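Shown below: model_18.txt, with compact mmCIF, C-alpha atoms and all ligand atoms.
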```txt
# COMPACT_ATOMS: atom_id res chain seq x y z
CA MET A 1 43.78 97.14 -61.16
CA SER A 2 42.90 100.29 -59.36
CA HIS A 3 41.20 103.18 -57.81
CA ASN A 4 41.38 106.39 -59.84
CA ARG A 5 39.89 104.41 -62.67
CA PRO A 6 36.42 102.94 -62.51
CA ARG A 7 37.68 99.38 -62.55
CA VAL A 8 39.29 96.39 -61.29
CA CYS A 9 42.62 96.08 -59.54
CA LEU A 10 42.71 96.77 -55.83
CA GLU A 11 45.60 97.32 -53.55
CA SER A 12 45.63 95.56 -49.98
CA THR A 13 45.96 93.72 -46.05
CA LEU A 14 45.53 91.82 -42.72
CA LEU A 15 45.74 92.83 -39.16
CA PHE A 16 48.15 90.33 -37.80
CA ALA A 17 51.78 90.41 -38.70
CA ILE A 18 53.53 87.12 -39.29
CA PRO A 19 57.22 87.65 -38.75
CA ILE A 20 58.28 84.72 -40.85
CA CYS A 21 61.45 84.43 -42.79
CA LEU A 22 59.76 84.19 -46.15
CA LEU A 23 62.23 86.83 -47.13
CA ALA A 24 64.81 84.12 -47.42
CA ALA A 25 63.32 83.34 -50.80
CA PHE A 26 64.84 86.47 -52.22
CA ALA A 27 67.44 87.33 -49.62
CA GLN A 28 69.28 84.44 -51.17
CA PRO A 29 69.00 84.87 -54.92
CA SER A 30 67.36 81.95 -56.62
CA PRO A 31 69.58 80.06 -58.96
CA THR A 32 68.85 80.54 -62.60
CA HIS A 33 66.28 78.14 -63.88
CA PRO A 34 65.88 76.93 -67.47
CA ASP A 35 62.15 77.71 -67.36
CA SER A 36 61.47 80.75 -65.24
CA ILE A 37 58.74 83.33 -65.49
CA VAL A 38 58.31 86.60 -63.67
CA VAL A 39 54.97 88.35 -63.56
CA PHE A 40 55.14 92.04 -62.67
CA ALA A 41 51.99 93.42 -61.06
CA PRO A 42 51.68 97.19 -60.58
CA HIS A 43 49.19 96.42 -57.77
CA PRO A 44 48.38 93.24 -55.89
CA ASP A 45 45.66 91.54 -58.01
CA ASP A 46 46.90 92.51 -61.49
CA GLU A 47 48.98 89.34 -61.57
CA VAL A 48 45.94 87.05 -61.45
CA ILE A 49 43.72 89.25 -63.61
CA GLY A 50 46.23 89.04 -66.44
CA CYS A 51 48.31 85.95 -65.83
CA ALA A 52 46.65 83.40 -63.52
CA GLY A 53 46.42 80.84 -66.32
CA ILE A 54 49.98 81.41 -67.45
CA MET A 55 51.21 80.92 -63.89
CA MET A 56 49.18 77.75 -63.40
CA GLN A 57 50.48 76.25 -66.61
CA ALA A 58 54.06 77.21 -65.82
CA LEU A 59 53.83 75.71 -62.34
CA ALA A 60 52.31 72.54 -63.73
CA ARG A 61 55.28 72.02 -66.03
CA GLY A 62 57.77 72.64 -63.24
CA ALA A 63 58.78 76.17 -64.12
CA GLN A 64 59.90 78.68 -61.53
CA VAL A 65 57.21 81.34 -61.08
CA LYS A 66 57.80 84.63 -59.29
CA VAL A 67 55.27 87.40 -58.82
CA VAL A 68 56.54 90.91 -58.20
CA ALA A 69 54.12 93.39 -56.65
CA ILE A 70 55.72 96.68 -57.63
CA THR A 71 53.49 98.79 -55.38
CA ASN A 72 51.71 97.85 -52.18
CA GLY A 73 48.33 98.83 -53.56
CA ASP A 74 48.18 101.36 -50.76
CA GLY A 75 46.77 104.33 -52.65
CA PHE A 76 43.11 103.45 -53.04
CA PRO A 77 40.96 105.56 -50.68
CA ALA A 78 37.66 103.85 -51.59
CA ALA A 79 39.16 100.45 -50.78
CA ALA A 80 40.82 101.68 -47.57
CA ALA A 81 37.39 102.98 -46.57
CA GLY A 82 35.73 99.69 -47.48
CA VAL A 83 38.20 97.63 -45.50
CA THR A 84 38.14 99.83 -42.41
CA HIS A 85 34.42 100.68 -42.56
CA LYS A 86 35.07 104.41 -42.55
CA PRO A 87 33.85 107.19 -44.81
CA VAL A 88 36.23 107.76 -47.71
CA ASP A 89 37.08 111.26 -46.51
CA GLN A 90 38.12 110.00 -43.09
CA VAL A 91 40.71 107.38 -43.96
CA GLY A 92 44.23 108.07 -42.79
CA PRO A 93 47.72 106.54 -43.11
CA ASP A 94 46.99 103.61 -40.79
CA ASP A 95 43.96 102.68 -42.87
CA PHE A 96 46.06 102.58 -46.03
CA LEU A 97 48.55 100.35 -44.24
CA THR A 98 45.69 98.06 -43.23
CA LEU A 99 44.71 97.90 -46.88
CA SER A 100 48.30 97.25 -47.90
CA ARG A 101 48.64 94.37 -45.45
CA LEU A 102 45.41 92.80 -46.62
CA ARG A 103 46.32 93.06 -50.27
CA GLN A 104 49.69 91.44 -49.68
CA THR A 105 47.98 88.59 -47.87
CA GLU A 106 45.56 88.22 -50.74
CA SER A 107 48.33 87.99 -53.32
CA ARG A 108 49.99 85.26 -51.30
CA THR A 109 46.74 83.33 -51.01
CA ALA A 110 46.01 83.76 -54.72
CA LEU A 111 49.44 82.43 -55.64
CA GLU A 112 48.84 79.36 -53.50
CA ILE A 113 45.48 78.79 -55.15
CA LEU A 114 47.30 78.64 -58.47
CA GLY A 115 49.70 76.03 -57.13
CA GLY A 116 52.54 78.40 -56.27
CA ARG A 117 54.25 79.23 -52.99
CA ALA A 118 53.53 82.33 -50.97
CA ALA A 119 57.29 82.70 -50.63
CA ASP A 120 57.49 83.38 -54.36
CA LEU A 121 55.64 86.65 -53.97
CA ILE A 122 58.19 89.45 -54.06
CA VAL A 123 57.01 92.78 -52.71
CA PHE A 124 58.89 95.82 -53.97
CA GLY A 125 56.75 98.18 -51.89
CA TYR A 126 56.81 101.27 -54.09
CA PRO A 127 54.00 103.83 -53.77
CA ASP A 128 50.66 103.09 -55.34
CA SER A 129 49.58 105.98 -57.60
CA ASP A 130 53.08 107.45 -57.82
CA LEU A 131 54.80 105.09 -60.29
CA GLY A 132 54.21 107.51 -63.17
CA ASN A 133 55.62 110.39 -61.15
CA LEU A 134 58.63 108.30 -60.24
CA TYR A 135 59.26 107.33 -63.84
CA ASP A 136 58.95 110.95 -65.01
CA SER A 137 61.20 112.25 -62.26
CA THR A 138 64.32 113.71 -63.80
CA ASP A 139 66.03 114.91 -60.65
CA ASP A 140 65.64 111.61 -58.80
CA LYS A 141 63.77 113.33 -56.02
CA VAL A 142 62.41 111.29 -53.13
CA PHE A 143 58.61 111.03 -53.17
CA ARG A 144 56.38 110.84 -50.14
CA GLN A 145 53.22 108.91 -50.81
CA GLN A 146 50.23 111.09 -49.98
CA PHE A 147 48.17 108.27 -48.46
CA THR A 148 50.58 106.33 -46.25
CA LYS A 149 53.04 109.24 -45.81
CA LYS A 150 55.81 106.69 -46.48
CA ASN A 151 58.89 107.73 -48.43
CA GLU A 152 60.68 104.40 -48.63
CA THR A 153 59.87 100.83 -49.56
CA TYR A 154 58.08 98.65 -47.05
CA ALA A 155 56.00 95.53 -46.75
CA LEU A 156 54.02 94.38 -43.75
CA ILE A 157 53.85 90.60 -43.58
CA GLN A 158 57.16 89.89 -45.25
CA LYS A 159 60.13 92.11 -45.91
CA ASP A 160 60.13 94.29 -48.97
CA TYR A 161 62.60 93.24 -51.64
CA HIS A 162 65.17 95.96 -51.06
CA THR A 163 65.26 95.41 -47.30
CA SER A 164 65.52 91.66 -47.70
CA VAL A 165 68.51 91.97 -50.02
CA HIS A 166 70.24 95.09 -48.71
CA GLY A 167 69.15 95.23 -45.09
CA LYS A 168 67.39 98.56 -45.44
CA PRO A 169 64.54 99.99 -47.49
CA ALA A 170 65.01 101.98 -50.69
CA PRO A 171 63.87 105.61 -50.91
CA TYR A 172 60.97 106.31 -53.22
CA GLN A 173 63.16 107.43 -56.10
CA ARG A 174 63.23 106.65 -59.80
CA SER A 175 66.69 105.13 -59.53
CA SER A 176 65.56 102.82 -56.71
CA VAL A 177 62.81 101.26 -58.81
CA LEU A 178 65.08 100.77 -61.77
CA GLY A 179 67.90 99.50 -59.56
CA ASP A 180 65.70 96.89 -57.89
CA LEU A 181 64.39 95.72 -61.25
CA VAL A 182 67.84 95.46 -62.79
CA GLU A 183 69.11 93.55 -59.79
CA LEU A 184 66.15 91.19 -59.77
CA LEU A 185 66.36 90.41 -63.48
CA THR A 186 70.08 89.84 -63.16
CA THR A 187 69.50 87.46 -60.26
CA LEU A 188 66.55 85.52 -61.61
CA GLN A 189 67.42 85.58 -65.31
CA PRO A 190 63.84 84.74 -66.28
CA THR A 191 63.02 83.17 -69.61
CA GLU A 192 59.65 84.97 -69.76
CA ILE A 193 58.61 88.36 -68.46
CA TYR A 194 55.00 89.53 -68.12
CA VAL A 195 54.03 93.11 -67.36
CA THR A 196 51.07 95.42 -67.96
CA ASP A 197 50.82 97.01 -71.38
CA GLU A 198 51.88 100.51 -72.32
CA THR A 199 48.37 101.26 -73.65
CA ASP A 200 46.75 100.58 -70.25
CA GLY A 201 44.50 103.34 -68.97
CA HIS A 202 46.11 103.37 -65.52
CA ILE A 203 49.30 105.37 -65.15
CA ASP A 204 50.83 102.91 -62.66
CA HIS A 205 50.33 100.16 -65.24
CA ARG A 206 51.99 102.16 -68.02
CA ALA A 207 54.85 103.16 -65.74
CA ALA A 208 55.33 99.52 -64.72
CA PHE A 209 55.79 98.72 -68.39
CA TRP A 210 58.29 101.54 -68.90
CA PHE A 211 60.33 100.61 -65.85
CA VAL A 212 60.43 96.88 -66.63
CA ARG A 213 61.21 97.55 -70.30
CA ASP A 214 64.07 99.86 -69.36
CA ALA A 215 65.46 97.37 -66.86
CA ALA A 216 65.23 94.53 -69.38
CA ARG A 217 67.16 96.61 -71.90
CA GLN A 218 69.74 97.57 -69.32
CA VAL A 219 70.53 93.96 -68.48
CA GLY A 220 70.49 92.86 -72.12
CA TYR A 221 67.50 90.60 -71.51
CA LYS A 222 67.06 88.12 -74.37
CA GLY A 223 64.04 86.14 -73.19
CA ALA A 224 60.38 86.54 -74.10
CA PHE A 225 58.68 89.80 -73.11
CA TYR A 226 54.89 89.78 -72.97
CA THR A 227 52.37 92.38 -71.93
CA TYR A 228 48.86 91.92 -70.57
CA LEU A 229 46.01 94.37 -70.52
CA VAL A 230 43.92 95.31 -67.47
CA HIS A 231 42.45 98.79 -67.95
CA GLY A 232 42.05 98.57 -71.71
CA LEU A 233 40.59 101.64 -73.34
CA PRO A 234 37.93 102.70 -73.91
CA SER A 235 36.52 99.54 -72.35
CA TRP A 236 37.80 96.07 -71.62
CA PRO A 237 37.38 93.13 -71.46
CA PHE A 238 34.78 91.76 -73.88
CA PRO A 239 32.51 90.01 -73.16
CA PRO A 240 32.21 92.05 -69.93
CA GLU A 241 31.14 89.07 -67.81
CA ILE A 242 32.63 85.83 -66.50
CA THR A 243 32.62 83.70 -69.64
CA PRO A 244 34.90 80.68 -69.17
CA ASN A 245 33.71 79.20 -72.46
CA LEU A 246 34.41 82.27 -74.57
CA ARG A 247 37.55 83.93 -75.86
CA PHE A 248 38.37 87.61 -75.46
CA GLU A 249 36.88 89.77 -78.19
CA SER A 250 37.58 93.10 -79.76
CA ARG A 251 34.54 95.36 -80.11
CA LYS A 252 33.61 98.76 -81.41
CA VAL A 253 32.77 101.23 -78.67
CA ASP A 254 31.47 104.62 -79.77
CA GLY A 255 32.90 104.05 -83.22
CA GLU A 256 36.31 103.12 -81.86
CA VAL A 257 37.86 99.66 -81.92
CA ALA A 258 38.67 98.41 -78.42
CA PRO A 259 41.14 97.70 -77.00
CA ARG A 260 42.70 100.91 -78.24
CA GLY A 261 46.20 100.93 -79.64
CA LEU A 262 46.78 97.20 -79.78
CA PRO A 263 46.75 94.75 -82.69
CA TRP A 264 43.82 92.36 -82.83
CA PRO A 265 43.90 89.42 -82.78
CA PRO A 266 46.60 89.54 -80.13
CA PRO A 267 49.88 87.89 -81.09
CA ARG A 268 49.62 85.29 -78.32
CA ARG A 269 46.45 83.55 -77.18
CA VAL A 270 46.86 80.91 -74.47
CA PRO A 271 43.88 78.55 -74.08
CA LEU A 272 42.77 77.68 -70.55
CA THR A 273 40.98 74.49 -69.64
CA ARG A 274 37.66 74.80 -67.86
CA GLU A 275 39.39 73.77 -64.65
CA GLN A 276 42.09 76.41 -65.11
CA ALA A 277 39.46 79.08 -65.76
CA GLN A 278 37.68 78.04 -62.58
CA ARG A 279 40.89 78.25 -60.58
CA LYS A 280 41.63 81.65 -62.10
CA LEU A 281 38.23 82.78 -60.85
CA GLU A 282 39.08 81.54 -57.36
CA SER A 283 42.40 83.37 -57.40
CA ILE A 284 40.62 86.60 -58.38
CA GLN A 285 38.07 86.01 -55.65
CA ALA A 286 40.95 85.81 -53.19
CA HIS A 287 41.37 89.51 -53.94
CA ASN A 288 37.88 90.43 -52.90
CA ILE A 289 37.85 93.77 -51.09
CA PRO A 290 34.86 96.02 -50.50
CA VAL A 291 35.30 99.26 -52.39
CA VAL A 292 33.09 102.16 -51.37
CA GLY A 293 31.14 103.48 -54.32
CA LEU A 294 32.24 100.72 -56.71
CA PRO A 295 29.84 97.84 -56.08
CA ASP A 296 30.78 96.19 -59.38
CA HIS A 297 34.50 96.23 -58.74
CA GLN A 298 34.77 92.54 -57.98
CA LYS A 299 32.56 91.53 -60.89
CA GLU A 300 34.74 93.55 -63.24
CA MET A 301 37.85 91.74 -62.04
CA GLU A 302 36.13 88.40 -62.48
CA SER A 303 35.13 89.27 -66.04
CA PHE A 304 38.73 88.49 -67.01
CA VAL A 305 37.86 84.81 -66.61
CA LYS A 306 37.71 83.57 -70.20
CA SER A 307 38.68 80.44 -72.06
CA GLU A 308 42.08 82.00 -72.73
CA GLU A 309 44.58 84.65 -71.73
CA VAL A 310 45.91 87.10 -74.28
CA PHE A 311 49.28 88.79 -74.56
CA TRP A 312 51.08 91.28 -76.73
CA THR A 313 54.72 91.53 -77.70
CA PRO A 314 55.46 95.26 -78.01
CA LEU A 315 59.23 94.84 -77.93
CA ALA A 316 59.44 92.08 -80.50
CA ARG A 317 60.06 94.40 -83.41
CA SER A 318 62.61 96.55 -81.68
CA ARG A 319 64.94 93.68 -80.93
ZN ZN B 401 46.50 97.65 -61.04
```
I'd like the structure from this file rewritten - as structure tokens, please.
Ligand SMILES: [Zn+2]
Amino acid sequence: MSHNRPRVCLESTLLFAIPICLLAAFAQPSPTHPDSIVVFAPHPDDEVIGCAGIMMQALARGAQVKVVAITNGDGFPAAAAGVTHKPVDQVGPDDFLTLSRLRQTESRTALEILGGRAADLIVFGYPDSDLGNLYDSTDDKVFRQQFTKKNETYALIQKDYHTSVHGKPAPYQRSSVLGDLVELLTTLQPTEIYVTDETDGHIDHRAAFWFVRDAARQVGYKGAFYTYLVHGLPSWPFPPEITPNLRFESRKVDGEVAPRGLPWPPPRRVPLTREQAQRKLESIQAHNIPVVGLPDHQKEMESFVKSEEVFWTPLARSR
């Protein structure tokens, strides 16, 4: 989730660096696995909001589960202010790095809550809030993120993907994002891909879809391709509370059927047990960050706890 929208996903950090060699998990490409899922999260937290149940169920059956944080979640001034106890207009690059480090830590913790390994979190380290600009870039220019002032991939408590594989970071360029995705899909050869939907109200979430779709096409990916919805328009989810006994619903908002632009019922509904819904809640709570001016932020993230998870298959008809 994110910042420039009035909702959920954060982007985040911790103050102590742990120079562990968790990078080995992707420095040495994992062998292909007959049951392997990859969840792409535009920001740290999207993975559990959309796919905590899917990950739990996959882990329980022995599947390989990887989470890819495409950005560091380092472009959220209200969260950087909340974490560092500063006014929003006084946060600087170091504060965004503090947020980034915390959010990475939180994703690792959340993955462990679901039964996964922290080492299966892959951090691409691209710039939060600039994914759309990167995707639209036609001249492959190098971007400098306005908040951290970084212009190349990084991660703070493990190595970013590109550095772990190539020994140096990748510049913030369109071709870098696509190149990392193509390489990762080629290495992991997942049987299921999950990414945010193209109808999502957050540009980073739409761009994540476009990048992952393009990479999947480039490698001739033949597995299942699912999307999940975080910032559904004009409002989402329904019911807008934690309701572990209830399914997701479509509703009319101001005369418009929500979620906008997607078929309902969704093509795939995955039931969660009560215990799985509870663990999903705990994994979302692992992403708790104070956000200045958005006191309901955490509650909105937790409202994705339902008796199911829902997915769409936008590429099914084009293949
Ligand atoms: Zn997000």
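The coordinates place atom CA of A:Ala41 at 4.9 Å from atom CA of A:Ala69.
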Would you kindly return, as a VMD selection string, each protein, DNA or RNA residue with an atom no farther than 10 Å from any atom of stretch 170-186 of chain A, considering only C-alpha atoms and excluding same-chain residues fewer than 5 positions away? chain A and resid 26 29 to 30 32 38 68 70 122 124 to 127 130 to 145 150 to 154 160 to 163 165 193 208 210 to 221
Please produce, as a Markdown table, a per-residue contact table for stretch 26-139 of chain A versus stretch 224-247 of chain A (criterion: any atom at most 8 Å away, all atoms listed in the file considered), showing the nearest atom pair and its distance in Å to one decimal, sorted by chain then residue number.
```
| residue | atom | partner | partner_atom | distance |
| --- | --- | --- | --- | --- |
| A:Asp46 | CA | A:Val230 | CA | 7.2 |
| A:Ile49 | CA | A:Val230 | CA | 7.2 |
| A:Gly50 | CA | A:Tyr228 | CA | 5.7 |
| A:Cys51 | CA | A:Tyr228 | CA | 7.6 |
```
So, with all atoms listed in the file as the atoms that count, which of A:Ile113, A:Leu281, A:Ala155, A:Val195 lies closest to ligand ZN 401 (chain B)?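 With all atoms listed in the file as the atom set, the closest residue is A:Val195.
With atom CA of A:Gly167 on one side and atom CA of A:Ser100 on the other, the separation reads 21.1 Å.
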Rounded to one decimal in Å, what is the spacing between atom CA of A:Tyr194 and atom CA of A:Thr98?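 A separation of 27.9 Å between them.
Restricting the calculation to all atoms listed in the file, the smallest distance between ligand ZN 401 (chain B) and any of A:Asp204, A:Asp95, A:Asp89, A:Glu198 is found for A:Asp204.
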When distances are computed from only C-alpha atoms and all ligand atoms, which of A:Thr196, A:Ser164, A:Gln278, A:Thr187 shows the smallest separation from ligand ZN 401 (chain B)?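 That would be A:Thr196, the residue with the smallest distance to ligand ZN 401 (chain B).
With all atoms listed in the file as the atoms that count, the residue of A:Val292, A:Ala78, A:Met55, A:Met301 with the shortest distance to ligand ZN 401 (chain B) is A:Met301.
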Of the listed residues A:Val65, A:Leu315, A:Ile203, A:Ile289, that which approaches ligand ZN 401 (chain B) most closely, counting only C-alpha atoms and all ligand atoms: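 So, comparing all the options, the nearest one is A:Ile203.
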Dump as a PyMOL selection string all residues having an atom at most 12 Å from (39.6, 100.7, -43.1), computed in the file's coordinates with all atoms listed in the file. chain A and resi 12-15+74+76-102+289-292
Between A:Gly73, A:Gly255, A:Gly293, A:Gly261, smallest distance to ligand ZN 401 (chain B) by only C-alpha atoms and all ligand atoms belongs to A:Gly73
Render stretch 119-138 of chain A from the structure in the preceding block as a file of N, CA, C and O atoms, as a PDB file, in the first residue's frame.
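Writing the result to part_4.pdb gives the following:
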```pdb
ATOM      1  N   ALA A 119      15.014 -15.309   4.616  1.00  0.00           N
ATOM      2  CA  ALA A 119      15.945 -15.349   3.483  1.00  0.00           C
ATOM      3  C   ALA A 119      15.218 -15.446   2.148  1.00  0.00           C
ATOM      4  O   ALA A 119      15.829 -15.253   1.094  1.00  0.00           O
ATOM      5  N   ASP A 120      13.934 -15.718   2.172  1.00  0.00           N
ATOM      6  CA  ASP A 120      13.174 -15.787   0.918  1.00  0.00           C
ATOM      7  C   ASP A 120      12.526 -14.459   0.547  1.00  0.00           C
ATOM      8  O   ASP A 120      11.744 -14.387  -0.396  1.00  0.00           O
ATOM      9  N   LEU A 121      12.858 -13.423   1.299  1.00  0.00           N
ATOM     10  CA  LEU A 121      12.490 -12.070   0.880  1.00  0.00           C
ATOM     11  C   LEU A 121      13.577 -11.548  -0.044  1.00  0.00           C
ATOM     12  O   LEU A 121      14.753 -11.514   0.324  1.00  0.00           O
ATOM     13  N   ILE A 122      13.197 -11.173  -1.228  1.00  0.00           N
ATOM     14  CA  ILE A 122      14.124 -10.612  -2.214  1.00  0.00           C
ATOM     15  C   ILE A 122      13.816  -9.123  -2.344  1.00  0.00           C
ATOM     16  O   ILE A 122      12.664  -8.751  -2.589  1.00  0.00           O
ATOM     17  N   VAL A 123      14.829  -8.306  -2.153  1.00  0.00           N
ATOM     18  CA  VAL A 123      14.613  -6.862  -2.195  1.00  0.00           C
ATOM     19  C   VAL A 123      15.241  -6.308  -3.479  1.00  0.00           C
ATOM     20  O   VAL A 123      16.459  -6.329  -3.632  1.00  0.00           O
ATOM     21  N   PHE A 124      14.393  -5.838  -4.372  1.00  0.00           N
ATOM     22  CA  PHE A 124      14.932  -5.236  -5.597  1.00  0.00           C
ATOM     23  C   PHE A 124      15.508  -3.849  -5.310  1.00  0.00           C
ATOM     24  O   PHE A 124      16.499  -3.465  -5.892  1.00  0.00           O
ATOM     25  N   GLY A 125      14.810  -3.080  -4.462  1.00  0.00           N
ATOM     26  CA  GLY A 125      15.346  -1.777  -4.064  1.00  0.00           C
ATOM     27  C   GLY A 125      15.172  -0.666  -5.069  1.00  0.00           C
ATOM     28  O   GLY A 125      15.968   0.280  -5.106  1.00  0.00           O
ATOM     29  N   TYR A 126      14.104  -0.735  -5.868  1.00  0.00           N
ATOM     30  CA  TYR A 126      13.803   0.372  -6.789  1.00  0.00           C
ATOM     31  C   TYR A 126      13.045   1.465  -6.042  1.00  0.00           C
ATOM     32  O   TYR A 126      12.559   1.251  -4.923  1.00  0.00           O
ATOM     33  N   PRO A 127      12.932   2.651  -6.647  1.00  0.00           N
ATOM     34  CA  PRO A 127      12.437   3.806  -5.886  1.00  0.00           C
ATOM     35  C   PRO A 127      10.922   3.833  -5.722  1.00  0.00           C
ATOM     36  O   PRO A 127      10.179   3.850  -6.705  1.00  0.00           O
ATOM     37  N   ASP A 128      10.500   3.864  -4.484  1.00  0.00           N
ATOM     38  CA  ASP A 128       9.102   4.060  -4.154  1.00  0.00           C
ATOM     39  C   ASP A 128       8.624   5.373  -4.772  1.00  0.00           C
ATOM     40  O   ASP A 128       9.303   6.390  -4.673  1.00  0.00           O
ATOM     41  N   SER A 129       7.484   5.318  -5.400  1.00  0.00           N
ATOM     42  CA  SER A 129       6.797   6.461  -6.041  1.00  0.00           C
ATOM     43  C   SER A 129       7.307   6.756  -7.455  1.00  0.00           C
ATOM     44  O   SER A 129       6.737   7.593  -8.138  1.00  0.00           O
ATOM     45  N   ASP A 130       8.339   6.076  -7.886  1.00  0.00           N
ATOM     46  CA  ASP A 130       8.865   6.330  -9.234  1.00  0.00           C
ATOM     47  C   ASP A 130       8.678   5.158 -10.197  1.00  0.00           C
ATOM     48  O   ASP A 130       9.170   5.215 -11.328  1.00  0.00           O
ATOM     49  N   LEU A 131       7.998   4.109  -9.795  1.00  0.00           N
ATOM     50  CA  LEU A 131       7.881   2.947 -10.703  1.00  0.00           C
ATOM     51  C   LEU A 131       7.151   3.315 -11.993  1.00  0.00           C
ATOM     52  O   LEU A 131       7.498   2.854 -13.077  1.00  0.00           O
ATOM     53  N   GLY A 132       6.110   4.152 -11.867  1.00  0.00           N
ATOM     54  CA  GLY A 132       5.368   4.574 -13.064  1.00  0.00           C
ATOM     55  C   GLY A 132       6.252   5.395 -13.989  1.00  0.00           C
ATOM     56  O   GLY A 132       6.242   5.213 -15.206  1.00  0.00           O
ATOM     57  N   ASN A 133       7.038   6.277 -13.405  1.00  0.00           N
ATOM     58  CA  ASN A 133       7.956   7.081 -14.216  1.00  0.00           C
ATOM     59  C   ASN A 133       8.987   6.197 -14.902  1.00  0.00           C
ATOM     60  O   ASN A 133       9.340   6.420 -16.067  1.00  0.00           O
ATOM     61  N   LEU A 134       9.462   5.201 -14.179  1.00  0.00           N
ATOM     62  CA  LEU A 134      10.444   4.293 -14.781  1.00  0.00           C
ATOM     63  C   LEU A 134       9.816   3.521 -15.945  1.00  0.00           C
ATOM     64  O   LEU A 134      10.419   3.381 -17.011  1.00  0.00           O
ATOM     65  N   TYR A 135       8.588   3.043 -15.722  1.00  0.00           N
ATOM     66  CA  TYR A 135       7.962   2.262 -16.793  1.00  0.00           C
ATOM     67  C   TYR A 135       7.733   3.130 -18.025  1.00  0.00           C
ATOM     68  O   TYR A 135       7.909   2.689 -19.150  1.00  0.00           O
ATOM     69  N   ASP A 136       7.338   4.389 -17.806  1.00  0.00           N
ATOM     70  CA  ASP A 136       7.025   5.285 -18.930  1.00  0.00           C
ATOM     71  C   ASP A 136       8.269   5.868 -19.582  1.00  0.00           C
ATOM     72  O   ASP A 136       8.176   6.525 -20.617  1.00  0.00           O
ATOM     73  N   SER A 137       9.414   5.676 -18.972  1.00  0.00           N
ATOM     74  CA  SER A 137      10.634   6.266 -19.505  1.00  0.00           C
ATOM     75  C   SER A 137      10.990   5.635 -20.850  1.00  0.00           C
ATOM     76  O   SER A 137      11.152   4.429 -20.959  1.00  0.00           O
ATOM     77  N   THR A 138      11.112   6.473 -21.860  1.00  0.00           N
ATOM     78  CA  THR A 138      11.422   5.938 -23.181  1.00  0.00           C
ATOM     79  C   THR A 138      12.906   6.036 -23.510  1.00  0.00           C
ATOM     80  O   THR A 138      13.415   5.318 -24.356  1.00  0.00           O
TER      81      THR A 138
END
```
